[in-house]
$ cat target_10.cif   # mmCIF, N, CA and C atoms and all ligand atoms
data_model
#
loop_
_atom_site.label_atom_id
_atom_site.label_comp_id
_atom_site.auth_asym_id
_atom_site.auth_seq_id
_atom_site.Cartn_x
_atom_site.Cartn_y
_atom_site.Cartn_z
N MET A 842 146.73 114.74 10.27
CA MET A 842 145.43 115.42 10.31
C MET A 842 144.34 114.44 10.70
N SER A 843 143.44 114.86 11.57
CA SER A 843 142.40 113.93 12.01
C SER A 843 141.27 113.86 10.99
N GLY A 844 140.62 112.71 10.95
CA GLY A 844 139.58 112.46 9.96
C GLY A 844 138.23 113.00 10.39
N ASN A 845 137.29 112.98 9.46
CA ASN A 845 135.98 113.54 9.78
C ASN A 845 134.87 112.49 9.85
N THR A 846 135.24 111.21 9.93
CA THR A 846 134.20 110.20 10.15
C THR A 846 134.59 109.27 11.28
N THR A 847 133.55 108.75 11.95
CA THR A 847 133.74 107.72 12.96
C THR A 847 132.63 106.69 12.81
N PHE A 848 132.82 105.57 13.51
CA PHE A 848 131.84 104.49 13.46
C PHE A 848 131.28 104.28 14.86
N THR A 849 129.97 104.00 14.92
CA THR A 849 129.33 103.72 16.21
C THR A 849 128.35 102.55 16.09
N MET A 850 128.15 101.90 17.22
CA MET A 850 127.03 100.94 17.35
C MET A 850 126.24 101.33 18.57
N ILE A 851 124.92 101.29 18.44
CA ILE A 851 124.05 101.30 19.62
C ILE A 851 123.90 99.83 20.01
N LYS A 852 124.35 99.50 21.21
CA LYS A 852 124.51 98.10 21.62
C LYS A 852 123.17 97.48 22.04
N PRO A 853 123.15 96.13 22.19
CA PRO A 853 121.88 95.44 22.48
C PRO A 853 121.16 95.95 23.73
N ASP A 854 121.90 96.38 24.76
CA ASP A 854 121.24 96.88 25.98
C ASP A 854 120.42 98.13 25.68
N ALA A 855 121.03 99.07 24.95
CA ALA A 855 120.36 100.34 24.67
C ALA A 855 119.23 100.17 23.65
N PHE A 856 119.45 99.28 22.67
CA PHE A 856 118.38 99.03 21.70
C PHE A 856 117.17 98.42 22.40
N GLU A 857 117.43 97.39 23.24
CA GLU A 857 116.36 96.68 23.94
C GLU A 857 115.58 97.62 24.87
N ALA A 858 116.30 98.56 25.46
CA ALA A 858 115.65 99.49 26.39
C ALA A 858 114.87 100.59 25.67
N GLY A 859 114.96 100.64 24.34
CA GLY A 859 114.21 101.65 23.58
C GLY A 859 114.89 103.00 23.50
N PHE A 860 116.21 103.04 23.69
CA PHE A 860 116.94 104.31 23.71
C PHE A 860 117.46 104.74 22.33
N THR A 861 117.19 103.95 21.29
CA THR A 861 117.80 104.24 19.98
C THR A 861 117.48 105.67 19.51
N GLY A 862 116.23 106.05 19.57
CA GLY A 862 115.84 107.38 19.08
C GLY A 862 116.51 108.50 19.86
N ALA A 863 116.51 108.37 21.18
CA ALA A 863 117.11 109.41 22.03
C ALA A 863 118.62 109.50 21.80
N ILE A 864 119.26 108.35 21.60
CA ILE A 864 120.71 108.35 21.38
C ILE A 864 121.04 108.96 20.02
N LEU A 865 120.30 108.59 18.98
CA LEU A 865 120.56 109.20 17.66
C LEU A 865 120.32 110.71 17.71
N GLN A 866 119.31 111.12 18.47
CA GLN A 866 119.03 112.56 18.64
C GLN A 866 120.23 113.28 19.25
N LYS A 867 120.86 112.66 20.26
CA LYS A 867 122.07 113.23 20.90
C LYS A 867 123.18 113.42 19.87
N PHE A 868 123.37 112.38 19.05
CA PHE A 868 124.43 112.48 18.03
C PHE A 868 124.16 113.68 17.12
N ILE A 869 122.91 113.80 16.66
CA ILE A 869 122.55 114.85 15.70
C ILE A 869 122.65 116.23 16.36
N GLU A 870 122.12 116.35 17.59
CA GLU A 870 122.19 117.63 18.33
C GLU A 870 123.62 118.11 18.51
N ASN A 871 124.54 117.14 18.59
CA ASN A 871 125.94 117.48 18.80
C ASN A 871 126.73 117.63 17.50
N GLY A 872 126.00 117.75 16.40
CA GLY A 872 126.64 118.11 15.14
C GLY A 872 127.14 116.97 14.29
N PHE A 873 126.80 115.74 14.66
CA PHE A 873 127.20 114.60 13.83
C PHE A 873 126.13 114.36 12.76
N LYS A 874 126.61 114.18 11.53
CA LYS A 874 125.71 113.84 10.42
C LYS A 874 125.72 112.33 10.24
N ILE A 875 124.56 111.74 10.04
CA ILE A 875 124.48 110.30 9.81
C ILE A 875 124.75 110.03 8.33
N LYS A 876 125.86 109.32 8.06
CA LYS A 876 126.24 109.00 6.68
C LYS A 876 125.77 107.61 6.26
N ALA A 877 125.58 106.71 7.23
CA ALA A 877 125.08 105.36 6.98
C ALA A 877 124.46 104.87 8.27
N LEU A 878 123.41 104.04 8.15
CA LEU A 878 122.67 103.59 9.34
C LEU A 878 122.05 102.24 9.05
N LYS A 879 122.17 101.31 9.99
CA LYS A 879 121.66 99.95 9.75
C LYS A 879 121.25 99.28 11.06
N LEU A 880 120.05 98.70 11.06
CA LEU A 880 119.63 97.83 12.17
C LEU A 880 119.99 96.41 11.78
N THR A 881 120.75 95.73 12.64
CA THR A 881 121.16 94.37 12.32
C THR A 881 121.44 93.61 13.62
N GLN A 882 121.84 92.37 13.50
CA GLN A 882 122.24 91.60 14.68
C GLN A 882 123.51 90.83 14.35
N LEU A 883 124.49 90.90 15.24
CA LEU A 883 125.74 90.18 15.06
C LEU A 883 125.56 88.71 15.42
N ARG A 884 126.12 87.82 14.57
CA ARG A 884 126.26 86.43 14.99
C ARG A 884 127.47 86.37 15.93
N LYS A 885 127.59 85.26 16.66
CA LYS A 885 128.72 85.11 17.58
C LYS A 885 130.05 85.33 16.84
N GLU A 886 130.18 84.74 15.65
CA GLU A 886 131.45 84.86 14.93
C GLU A 886 131.70 86.29 14.42
N ASP A 887 130.62 87.03 14.16
CA ASP A 887 130.79 88.44 13.79
C ASP A 887 131.35 89.25 14.96
N ALA A 888 130.75 89.03 16.15
CA ALA A 888 131.21 89.76 17.33
C ALA A 888 132.65 89.39 17.67
N GLU A 889 133.00 88.13 17.51
CA GLU A 889 134.39 87.69 17.75
C GLU A 889 135.33 88.41 16.80
N ALA A 890 134.94 88.54 15.53
CA ALA A 890 135.79 89.21 14.55
C ALA A 890 135.87 90.71 14.83
N PHE A 891 134.74 91.33 15.14
CA PHE A 891 134.74 92.78 15.38
C PHE A 891 135.63 93.13 16.56
N TYR A 892 135.57 92.31 17.62
CA TYR A 892 136.32 92.60 18.85
C TYR A 892 137.58 91.74 18.98
N ALA A 893 138.11 91.25 17.85
CA ALA A 893 139.28 90.35 17.86
C ALA A 893 140.46 90.93 18.65
N VAL A 894 140.61 92.25 18.63
CA VAL A 894 141.71 92.90 19.35
C VAL A 894 141.63 92.62 20.86
N HIS A 895 140.43 92.29 21.35
CA HIS A 895 140.24 92.01 22.79
C HIS A 895 140.20 90.52 23.10
N SER A 896 140.61 89.66 22.14
CA SER A 896 140.38 88.21 22.31
C SER A 896 141.12 87.60 23.50
N GLU A 897 142.19 88.25 23.97
CA GLU A 897 142.92 87.70 25.13
C GLU A 897 142.42 88.27 26.45
N ARG A 898 141.47 89.17 26.39
CA ARG A 898 141.00 89.82 27.63
C ARG A 898 140.01 88.92 28.36
N PRO A 899 140.00 89.00 29.69
CA PRO A 899 139.11 88.13 30.47
C PRO A 899 137.62 88.33 30.18
N PHE A 900 137.28 89.52 29.69
CA PHE A 900 135.86 89.81 29.44
C PHE A 900 135.41 89.44 28.02
N PHE A 901 136.32 88.86 27.21
CA PHE A 901 136.02 88.65 25.78
C PHE A 901 134.78 87.78 25.55
N ASN A 902 134.71 86.61 26.18
CA ASN A 902 133.58 85.71 25.91
C ASN A 902 132.25 86.33 26.32
N SER A 903 132.26 87.00 27.44
CA SER A 903 131.04 87.66 27.91
C SER A 903 130.66 88.81 26.96
N LEU A 904 131.66 89.56 26.50
CA LEU A 904 131.40 90.66 25.57
C LEU A 904 130.79 90.13 24.26
N VAL A 905 131.35 89.04 23.74
CA VAL A 905 130.84 88.46 22.50
C VAL A 905 129.40 87.97 22.68
N ALA A 906 129.14 87.30 23.81
CA ALA A 906 127.77 86.81 24.08
C ALA A 906 126.79 87.98 24.16
N PHE A 907 127.19 89.04 24.87
CA PHE A 907 126.33 90.22 24.99
C PHE A 907 126.10 90.89 23.64
N MET A 908 127.17 91.09 22.87
CA MET A 908 127.04 91.84 21.61
C MET A 908 126.25 91.07 20.54
N SER A 909 126.15 89.75 20.70
CA SER A 909 125.38 88.97 19.74
C SER A 909 124.00 88.58 20.29
N SER A 910 123.64 89.16 21.43
CA SER A 910 122.40 88.74 22.12
C SER A 910 121.13 89.38 21.58
N GLY A 911 121.25 90.43 20.77
CA GLY A 911 120.06 91.12 20.27
C GLY A 911 120.45 92.13 19.21
N PRO A 912 119.45 92.83 18.68
CA PRO A 912 119.72 93.80 17.61
C PRO A 912 120.67 94.92 18.06
N ILE A 913 121.41 95.43 17.10
CA ILE A 913 122.25 96.62 17.29
C ILE A 913 121.96 97.58 16.14
N VAL A 914 122.30 98.85 16.35
CA VAL A 914 122.22 99.82 15.26
C VAL A 914 123.64 100.29 14.96
N ALA A 915 124.09 100.05 13.73
CA ALA A 915 125.43 100.47 13.30
C ALA A 915 125.30 101.75 12.50
N ALA A 916 126.26 102.67 12.67
CA ALA A 916 126.20 103.93 11.93
C ALA A 916 127.58 104.50 11.66
N VAL A 917 127.70 105.18 10.54
CA VAL A 917 128.87 105.99 10.23
C VAL A 917 128.46 107.45 10.41
N LEU A 918 129.26 108.19 11.19
CA LEU A 918 128.94 109.57 11.53
C LEU A 918 130.03 110.50 11.03
N GLU A 919 129.61 111.72 10.67
CA GLU A 919 130.57 112.70 10.15
C GLU A 919 130.53 114.00 10.96
N LYS A 920 131.70 114.45 11.32
CA LYS A 920 131.90 115.76 11.97
C LYS A 920 133.40 116.03 11.92
N GLU A 921 133.83 117.29 12.07
CA GLU A 921 135.29 117.51 12.10
C GLU A 921 135.86 116.81 13.33
N ASN A 922 137.08 116.29 13.19
CA ASN A 922 137.76 115.60 14.30
C ASN A 922 136.82 114.57 14.95
N ALA A 923 136.20 113.74 14.09
CA ALA A 923 135.06 112.91 14.50
C ALA A 923 135.38 111.93 15.63
N VAL A 924 136.51 111.23 15.54
CA VAL A 924 136.80 110.20 16.54
C VAL A 924 136.88 110.82 17.94
N ASP A 925 137.66 111.87 18.08
CA ASP A 925 137.84 112.49 19.41
C ASP A 925 136.55 113.16 19.88
N ASN A 926 135.89 113.89 19.00
CA ASN A 926 134.65 114.57 19.40
C ASN A 926 133.58 113.56 19.82
N PHE A 927 133.53 112.44 19.11
CA PHE A 927 132.52 111.44 19.44
C PHE A 927 132.84 110.75 20.77
N ARG A 928 134.11 110.48 21.02
CA ARG A 928 134.47 109.84 22.29
C ARG A 928 134.16 110.77 23.47
N LYS A 929 134.29 112.07 23.26
CA LYS A 929 133.90 113.03 24.32
C LYS A 929 132.39 112.96 24.54
N LEU A 930 131.64 112.88 23.47
CA LEU A 930 130.18 112.86 23.58
C LEU A 930 129.69 111.58 24.28
N ILE A 931 130.32 110.44 24.03
CA ILE A 931 129.81 109.20 24.64
C ILE A 931 130.34 108.99 26.06
N GLY A 932 131.48 109.55 26.41
CA GLY A 932 132.01 109.43 27.77
C GLY A 932 132.83 108.17 27.98
N SER A 933 133.33 108.01 29.20
CA SER A 933 134.23 106.90 29.55
C SER A 933 133.57 105.55 29.31
N THR A 934 134.43 104.54 29.02
CA THR A 934 133.94 103.17 28.79
C THR A 934 133.05 102.70 29.93
N ASN A 935 133.49 102.98 31.15
CA ASN A 935 132.68 102.62 32.33
C ASN A 935 131.73 103.77 32.65
N PRO A 936 130.43 103.55 32.54
CA PRO A 936 129.48 104.66 32.77
C PRO A 936 129.62 105.27 34.16
N ALA A 937 130.15 104.50 35.11
CA ALA A 937 130.35 105.04 36.46
C ALA A 937 131.37 106.18 36.45
N ASP A 938 132.27 106.16 35.46
CA ASP A 938 133.30 107.21 35.35
C ASP A 938 132.93 108.27 34.32
N ALA A 939 131.82 108.10 33.62
CA ALA A 939 131.47 108.99 32.51
C ALA A 939 130.96 110.34 33.03
N ALA A 940 131.34 111.40 32.32
CA ALA A 940 130.93 112.76 32.72
C ALA A 940 129.42 112.95 32.56
N GLU A 941 128.89 113.86 33.37
CA GLU A 941 127.47 114.22 33.28
C GLU A 941 127.12 114.64 31.85
N GLY A 942 125.96 114.20 31.39
CA GLY A 942 125.49 114.61 30.07
C GLY A 942 125.99 113.74 28.94
N THR A 943 126.97 112.87 29.21
CA THR A 943 127.46 112.00 28.14
C THR A 943 126.47 110.86 27.89
N VAL A 944 126.56 110.26 26.71
CA VAL A 944 125.60 109.21 26.33
C VAL A 944 125.68 108.03 27.30
N ARG A 945 126.89 107.64 27.67
CA ARG A 945 126.99 106.50 28.60
C ARG A 945 126.49 106.85 29.99
N LYS A 946 126.72 108.07 30.44
CA LYS A 946 126.18 108.48 31.75
C LYS A 946 124.65 108.41 31.72
N LEU A 947 124.07 108.84 30.61
CA LEU A 947 122.61 108.91 30.52
C LEU A 947 121.97 107.55 30.27
N PHE A 948 122.64 106.68 29.48
CA PHE A 948 121.93 105.50 28.97
C PHE A 948 122.57 104.16 29.30
N ALA A 949 123.76 104.13 29.90
CA ALA A 949 124.46 102.85 30.09
C ALA A 949 124.36 102.33 31.52
N ALA A 950 124.43 101.00 31.63
CA ALA A 950 124.26 100.35 32.92
C ALA A 950 125.57 99.87 33.54
N SER A 951 126.53 99.44 32.72
CA SER A 951 127.76 98.85 33.27
C SER A 951 128.89 98.97 32.25
N ILE A 952 130.10 98.59 32.67
CA ILE A 952 131.26 98.71 31.77
C ILE A 952 131.09 97.84 30.53
N GLU A 953 130.43 96.70 30.67
CA GLU A 953 130.18 95.87 29.49
C GLU A 953 128.95 96.36 28.73
N ARG A 954 127.85 96.53 29.42
CA ARG A 954 126.59 96.96 28.79
C ARG A 954 126.59 98.48 28.78
N ASN A 955 127.47 99.04 27.94
CA ASN A 955 127.72 100.49 28.01
C ASN A 955 127.08 101.28 26.86
N ALA A 956 125.99 100.75 26.33
CA ALA A 956 125.06 101.48 25.44
C ALA A 956 125.56 101.75 24.03
N VAL A 957 126.82 102.22 23.91
CA VAL A 957 127.32 102.57 22.58
C VAL A 957 128.80 102.22 22.45
N HIS A 958 129.19 101.98 21.21
CA HIS A 958 130.59 101.83 20.84
C HIS A 958 131.01 103.06 20.06
N GLY A 959 132.27 103.46 20.19
CA GLY A 959 132.83 104.50 19.34
C GLY A 959 134.24 104.12 18.96
N SER A 960 134.60 104.32 17.69
CA SER A 960 135.94 103.98 17.22
C SER A 960 137.00 104.73 18.04
N ASP A 961 138.17 104.09 18.22
CA ASP A 961 139.23 104.72 19.02
C ASP A 961 140.32 105.37 18.17
N SER A 962 140.23 105.26 16.85
CA SER A 962 141.22 105.90 15.97
C SER A 962 140.61 106.06 14.58
N ASP A 963 141.21 106.92 13.77
CA ASP A 963 140.74 107.08 12.38
C ASP A 963 140.88 105.77 11.62
N GLU A 964 141.98 105.08 11.86
CA GLU A 964 142.22 103.81 11.17
C GLU A 964 141.12 102.79 11.52
N ASN A 965 140.80 102.69 12.80
CA ASN A 965 139.74 101.74 13.20
C ASN A 965 138.37 102.20 12.73
N ALA A 966 138.16 103.50 12.63
CA ALA A 966 136.87 104.00 12.10
C ALA A 966 136.63 103.47 10.69
N VAL A 967 137.69 103.47 9.88
CA VAL A 967 137.58 102.97 8.50
C VAL A 967 137.34 101.45 8.50
N ILE A 968 138.11 100.73 9.31
CA ILE A 968 137.98 99.27 9.37
C ILE A 968 136.58 98.89 9.86
N GLU A 969 136.13 99.55 10.93
CA GLU A 969 134.84 99.20 11.54
C GLU A 969 133.67 99.59 10.63
N SER A 970 133.78 100.72 9.95
CA SER A 970 132.72 101.10 8.99
C SER A 970 132.62 100.06 7.89
N GLY A 971 133.78 99.58 7.44
CA GLY A 971 133.82 98.58 6.38
C GLY A 971 133.26 97.23 6.80
N PHE A 972 133.25 96.99 8.10
CA PHE A 972 132.70 95.75 8.64
C PHE A 972 131.18 95.67 8.39
N PHE A 973 130.54 96.83 8.37
CA PHE A 973 129.07 96.89 8.24
C PHE A 973 128.57 97.48 6.93
N PHE A 974 129.38 98.35 6.31
CA PHE A 974 128.89 99.10 5.15
C PHE A 974 129.86 99.00 4.00
N THR A 975 129.34 98.94 2.80
CA THR A 975 130.19 99.01 1.62
C THR A 975 130.51 100.47 1.32
N HIS A 976 131.47 100.69 0.48
CA HIS A 976 131.82 102.05 0.06
C HIS A 976 130.57 102.79 -0.44
N PHE A 977 129.76 102.10 -1.21
CA PHE A 977 128.56 102.72 -1.78
C PHE A 977 127.62 103.22 -0.68
N ASP A 978 127.42 102.41 0.38
CA ASP A 978 126.50 102.79 1.45
C ASP A 978 126.88 104.12 2.09
N ARG A 979 128.18 104.43 2.14
CA ARG A 979 128.65 105.60 2.90
C ARG A 979 128.60 106.87 2.08
N HIS A 980 128.22 106.80 0.81
CA HIS A 980 128.19 108.01 -0.04
C HIS A 980 126.79 108.32 -0.53
P1 LIG A 1001 133.69 99.27 23.39
O1 LIG A 1001 134.00 100.72 23.31
O2 LIG A 1001 132.69 98.72 22.45
O3 LIG A 1001 135.05 98.42 23.23
C1 LIG A 1001 135.28 97.19 23.87
C2 LIG A 1001 134.17 96.80 24.79
O4 LIG A 1001 134.53 95.81 25.75
C3 LIG A 1001 133.79 98.00 25.65
O5 LIG A 1001 133.15 98.96 24.87
C4 LIG A 1001 132.94 97.32 26.70
O6 LIG A 1001 131.64 96.97 26.23
C5 LIG A 1001 133.74 96.05 26.91
N1 LIG A 1001 134.67 96.18 28.05
C6 LIG A 1001 135.75 96.95 28.15
N2 LIG A 1001 136.37 96.78 29.34
C7 LIG A 1001 135.64 95.87 30.01
C8 LIG A 1001 135.75 95.27 31.28
N3 LIG A 1001 136.75 95.57 32.12
N4 LIG A 1001 134.81 94.36 31.64
C9 LIG A 1001 133.81 94.04 30.79
N5 LIG A 1001 133.65 94.58 29.56
C10 LIG A 1001 134.55 95.48 29.16
#
$ encode --input "target_10.cif" --output "structure tokens"
Amino acid sequence: MSGNTTFTMIKPDAFEAGFTGAILQKFIENGFKIKALKLTQLRKEDAEAFYAVHSERPFFNSLVAFMSSGPIVAAVLEKENAVDNFRKLIGSTNPADAAEGTVRKLFAASIERNAVHGSDSDENAVIESGFFFTHFDRH
């Protein structure tokens, strides 16, 4: 059975561009409830840990530098079938491939600077939420 929460970050490109309000509005309009929300900034070692699964990829160092370059907004969102529904709402990793109306089509500049993160599984949603929020924060 699929879970009803997912984790997202509004990335430094979208925060810097002033898109935070419009992006959160999209989430809410599409039926996601905000269960936890935090403005913060990743240190280099935080970004390395968060994206450890990508540590062998050629884009890893650049991704870590980008993700630690400025403020991000982390959030836990709730909706039925949250992971899949949220990935549909944000669109393909590369905004050039993202469907019309998706968050990345509207707000992202490139495959790296792609405006938002969304968990890729229920298991990762739990792990990623725990990276930023305690159990208490989410209730
Ligand atoms: P995200 O959904 O946060 O998960 C991993 C991130 O790595 C991804 O979004 C992009 O920001 C980045 N990424 C994925 N593929 C590439 C790529 N081919 N080149 C550069 N960055 C990438």
$ residues_near_ligand --input "target_10.cif" --ligand "ligand LIG 1001 (chain A)" --cutoff "6 Å" --atoms "all atoms listed in the file" --output "PyMOL selection string"
chain A and resi 900+934+952-955+957-959
$ residues_around --input "target_10.cif" --residues "region 918-927 of chain A" --least-positions-apart "3" --cutoff "9 Å" --atoms "only C-alpha atoms" --output "PyMOL selection string"
chain A and resi 842-849+868+871-878+930-932+959-963+966
$ write_last_selection --input "target_10.cif" --atoms "N, CA and C atoms" --output "mmCIF file, keeping the file's coordinate frame"
data_model
loop_
_atom_site.group_PDB
_atom_site.id
_atom_site.type_symbol
_atom_site.label_atom_id
_atom_site.label_comp_id
_atom_site.auth_asym_id
_atom_site.auth_seq_id
_atom_site.Cartn_x
_atom_site.Cartn_y
_atom_site.Cartn_z
ATOM 1 N N MET A 842 146.730 114.740 10.270
ATOM 2 C CA MET A 842 145.430 115.420 10.310
ATOM 3 C C MET A 842 144.340 114.440 10.700
ATOM 4 N N SER A 843 143.440 114.860 11.570
ATOM 5 C CA SER A 843 142.400 113.930 12.010
ATOM 6 C C SER A 843 141.270 113.860 10.990
ATOM 7 N N GLY A 844 140.620 112.710 10.950
ATOM 8 C CA GLY A 844 139.580 112.460 9.960
ATOM 9 C C GLY A 844 138.230 113.000 10.390
ATOM 10 N N ASN A 845 137.290 112.980 9.460
ATOM 11 C CA ASN A 845 135.980 113.540 9.780
ATOM 12 C C ASN A 845 134.870 112.490 9.850
ATOM 13 N N THR A 846 135.240 111.210 9.930
ATOM 14 C CA THR A 846 134.200 110.200 10.150
ATOM 15 C C THR A 846 134.590 109.270 11.280
ATOM 16 N N THR A 847 133.550 108.750 11.950
ATOM 17 C CA THR A 847 133.740 107.720 12.960
ATOM 18 C C THR A 847 132.630 106.690 12.810
ATOM 19 N N PHE A 848 132.820 105.570 13.510
ATOM 20 C CA PHE A 848 131.840 104.490 13.460
ATOM 21 C C PHE A 848 131.280 104.280 14.860
ATOM 22 N N THR A 849 129.970 104.000 14.920
ATOM 23 C CA THR A 849 129.330 103.720 16.210
ATOM 24 C C THR A 849 128.350 102.550 16.090
ATOM 25 N N PHE A 868 123.370 112.380 19.050
ATOM 26 C CA PHE A 868 124.430 112.480 18.030
ATOM 27 C C PHE A 868 124.160 113.680 17.120
ATOM 28 N N ASN A 871 124.540 117.140 18.590
ATOM 29 C CA ASN A 871 125.940 117.480 18.800
ATOM 30 C C ASN A 871 126.730 117.630 17.500
ATOM 31 N N GLY A 872 126.000 117.750 16.400
ATOM 32 C CA GLY A 872 126.640 118.110 15.140
ATOM 33 C C GLY A 872 127.140 116.970 14.290
ATOM 34 N N PHE A 873 126.800 115.740 14.660
ATOM 35 C CA PHE A 873 127.200 114.600 13.830
ATOM 36 C C PHE A 873 126.130 114.360 12.760
ATOM 37 N N LYS A 874 126.610 114.180 11.530
ATOM 38 C CA LYS A 874 125.710 113.840 10.420
ATOM 39 C C LYS A 874 125.720 112.330 10.240
ATOM 40 N N ILE A 875 124.560 111.740 10.040
ATOM 41 C CA ILE A 875 124.480 110.300 9.810
ATOM 42 C C ILE A 875 124.750 110.030 8.330
ATOM 43 N N LYS A 876 125.860 109.320 8.060
ATOM 44 C CA LYS A 876 126.240 109.000 6.680
ATOM 45 C C LYS A 876 125.770 107.610 6.260
ATOM 46 N N ALA A 877 125.580 106.710 7.230
ATOM 47 C CA ALA A 877 125.080 105.360 6.980
ATOM 48 C C ALA A 877 124.460 104.870 8.270
ATOM 49 N N LEU A 878 123.410 104.040 8.150
ATOM 50 C CA LEU A 878 122.670 103.590 9.340
ATOM 51 C C LEU A 878 122.050 102.240 9.050
ATOM 52 N N LEU A 930 131.640 112.880 23.470
ATOM 53 C CA LEU A 930 130.180 112.860 23.580
ATOM 54 C C LEU A 930 129.690 111.580 24.280
ATOM 55 N N ILE A 931 130.320 110.440 24.030
ATOM 56 C CA ILE A 931 129.810 109.200 24.640
ATOM 57 C C ILE A 931 130.340 108.990 26.060
ATOM 58 N N GLY A 932 131.480 109.550 26.410
ATOM 59 C CA GLY A 932 132.010 109.430 27.770
ATOM 60 C C GLY A 932 132.830 108.170 27.980
ATOM 61 N N GLY A 959 132.270 103.460 20.190
ATOM 62 C CA GLY A 959 132.830 104.500 19.340
ATOM 63 C C GLY A 959 134.240 104.120 18.960
ATOM 64 N N SER A 960 134.600 104.320 17.690
ATOM 65 C CA SER A 960 135.940 103.980 17.220
ATOM 66 C C SER A 960 137.000 104.730 18.040
ATOM 67 N N ASP A 961 138.170 104.090 18.220
ATOM 68 C CA ASP A 961 139.230 104.720 19.020
ATOM 69 C C ASP A 961 140.320 105.370 18.170
ATOM 70 N N SER A 962 140.230 105.260 16.850
ATOM 71 C CA SER A 962 141.220 105.900 15.970
ATOM 72 C C SER A 962 140.610 106.060 14.580
ATOM 73 N N ASP A 963 141.210 106.920 13.770
ATOM 74 C CA ASP A 963 140.740 107.080 12.380
ATOM 75 C C ASP A 963 140.880 105.770 11.620
ATOM 76 N N ALA A 966 138.160 103.500 12.630
ATOM 77 C CA ALA A 966 136.870 104.000 12.100
ATOM 78 C C ALA A 966 136.630 103.470 10.690
#
$ closest_residue --input "target_10.cif" --among "A:Ala893, A:Ala940, A:Phe948, A:Leu904" --to "Phe860 (chain A)" --atoms "all atoms listed in the file"
A:Phe948
$ select_by_dssp --input "target_10.cif" --residues "region 853-945 of chain A" --states "strand (DSSP E or B)" --output "NGL selection string"
:A and (874-881 or 913-919)
$ write_last_selection --input "target_10.cif" --atoms "N, CA and C atoms" --output "tab-separated table (two decimals), in the frame of the given file"
chain	number	residue	atom	x	y	z
A	874	LYS	N	126.61	114.18	11.53
A	874	LYS	CA	125.71	113.84	10.42
A	874	LYS	C	125.72	112.33	10.24
A	875	ILE	N	124.56	111.74	10.04
A	875	ILE	CA	124.48	110.30	9.81
A	875	ILE	C	124.75	110.03	8.33
A	876	LYS	N	125.86	109.32	8.06
A	876	LYS	CA	126.24	109.00	6.68
A	876	LYS	C	125.77	107.61	6.26
A	877	ALA	N	125.58	106.71	7.23
A	877	ALA	CA	125.08	105.36	6.98
A	877	ALA	C	124.46	104.87	8.27
A	878	LEU	N	123.41	104.04	8.15
A	878	LEU	CA	122.67	103.59	9.34
A	878	LEU	C	122.05	102.24	9.05
A	879	LYS	N	122.17	101.31	9.99
A	879	LYS	CA	121.66	99.95	9.75
A	879	LYS	C	121.25	99.28	11.06
A	880	LEU	N	120.05	98.70	11.06
A	880	LEU	CA	119.63	97.83	12.17
A	880	LEU	C	119.99	96.41	11.78
A	881	THR	N	120.75	95.73	12.64
A	881	THR	CA	121.16	94.37	12.32
A	881	THR	C	121.44	93.61	13.62
A	913	ILE	N	121.41	95.43	17.10
A	913	ILE	CA	122.25	96.62	17.29
A	913	ILE	C	121.96	97.58	16.14
A	914	VAL	N	122.30	98.85	16.35
A	914	VAL	CA	122.22	99.82	15.26
A	914	VAL	C	123.64	100.29	14.96
A	915	ALA	N	124.09	100.05	13.73
A	915	ALA	CA	125.43	100.47	13.30
A	915	ALA	C	125.30	101.75	12.50
A	916	ALA	N	126.26	102.67	12.67
A	916	ALA	CA	126.20	103.93	11.93
A	916	ALA	C	127.58	104.50	11.66
A	917	VAL	N	127.70	105.18	10.54
A	917	VAL	CA	128.87	105.99	10.23
A	917	VAL	C	128.46	107.45	10.41
A	918	LEU	N	129.26	108.19	11.19
A	918	LEU	CA	128.94	109.57	11.53
A	918	LEU	C	130.03	110.50	11.03
A	919	GLU	N	129.61	111.72	10.67
A	919	GLU	CA	130.57	112.70	10.15
A	919	GLU	C	130.53	114.00	10.96
$ atom_distance --input "target_10.cif" --atom1 "atom C of Ala956 (chain A)" --atom2 "CA of Tyr892 (chain A)"
15.0 Å
$ closest_residue --input "target_10.cif" --among "A:Pro853, A:Val894, A:Arg979, A:Ile864" --to "Ser909 (chain A)" --atoms "only N, CA and C atoms"
A:Pro853
$ select_by_dssp --input "target_10.cif" --residues "chain A" --states "alpha helix (DSSP H)" --output "ChimeraX atom specification"
/A:853-857,861-870,885-891,901-908,923-931,944-948,963-973
$ atom_distance --input "target_10.cif" --atom1 "CA of Pro936 (chain A)" --atom2 "atom C of Phe973 (chain A)"
26.8 Å
$ atom_distance --input "target_10.cif" --atom1 "atom C of Ser970 (chain A)" --atom2 "atom N of Glu941 (chain A)"
29.2 Å
$ axis_aligned_box --input "target_10.cif" --around "region 867-883 of chain A" --padding-each-side "5 Å" --output "lines of an AutoDock Vina configuration file"
center_x = 123.4
center_y = 103.4
center_z = 13.6
size_x = 17.6
size_y = 39.4
size_z = 24.6
$ closest_residue --input "target_10.cif" --among "A:Ala937, A:Gly971, A:Arg884, A:Glu870" --to "Ala950 (chain A)" --atoms "only N, CA and C atoms"
A:Ala937
$ closest_residue --input "target_10.cif" --among "A:Glu969, A:Asp938, A:Glu886, A:Asp854" --to "Ala916 (chain A)" --atoms "all atoms listed in the file"
A:Glu969
$ closest_residue --input "target_10.cif" --among "A:Glu897, A:Glu857, A:Asp978, A:Glu964" --to "Ile913 (chain A)" --atoms "only C-alpha atoms"
A:Glu857
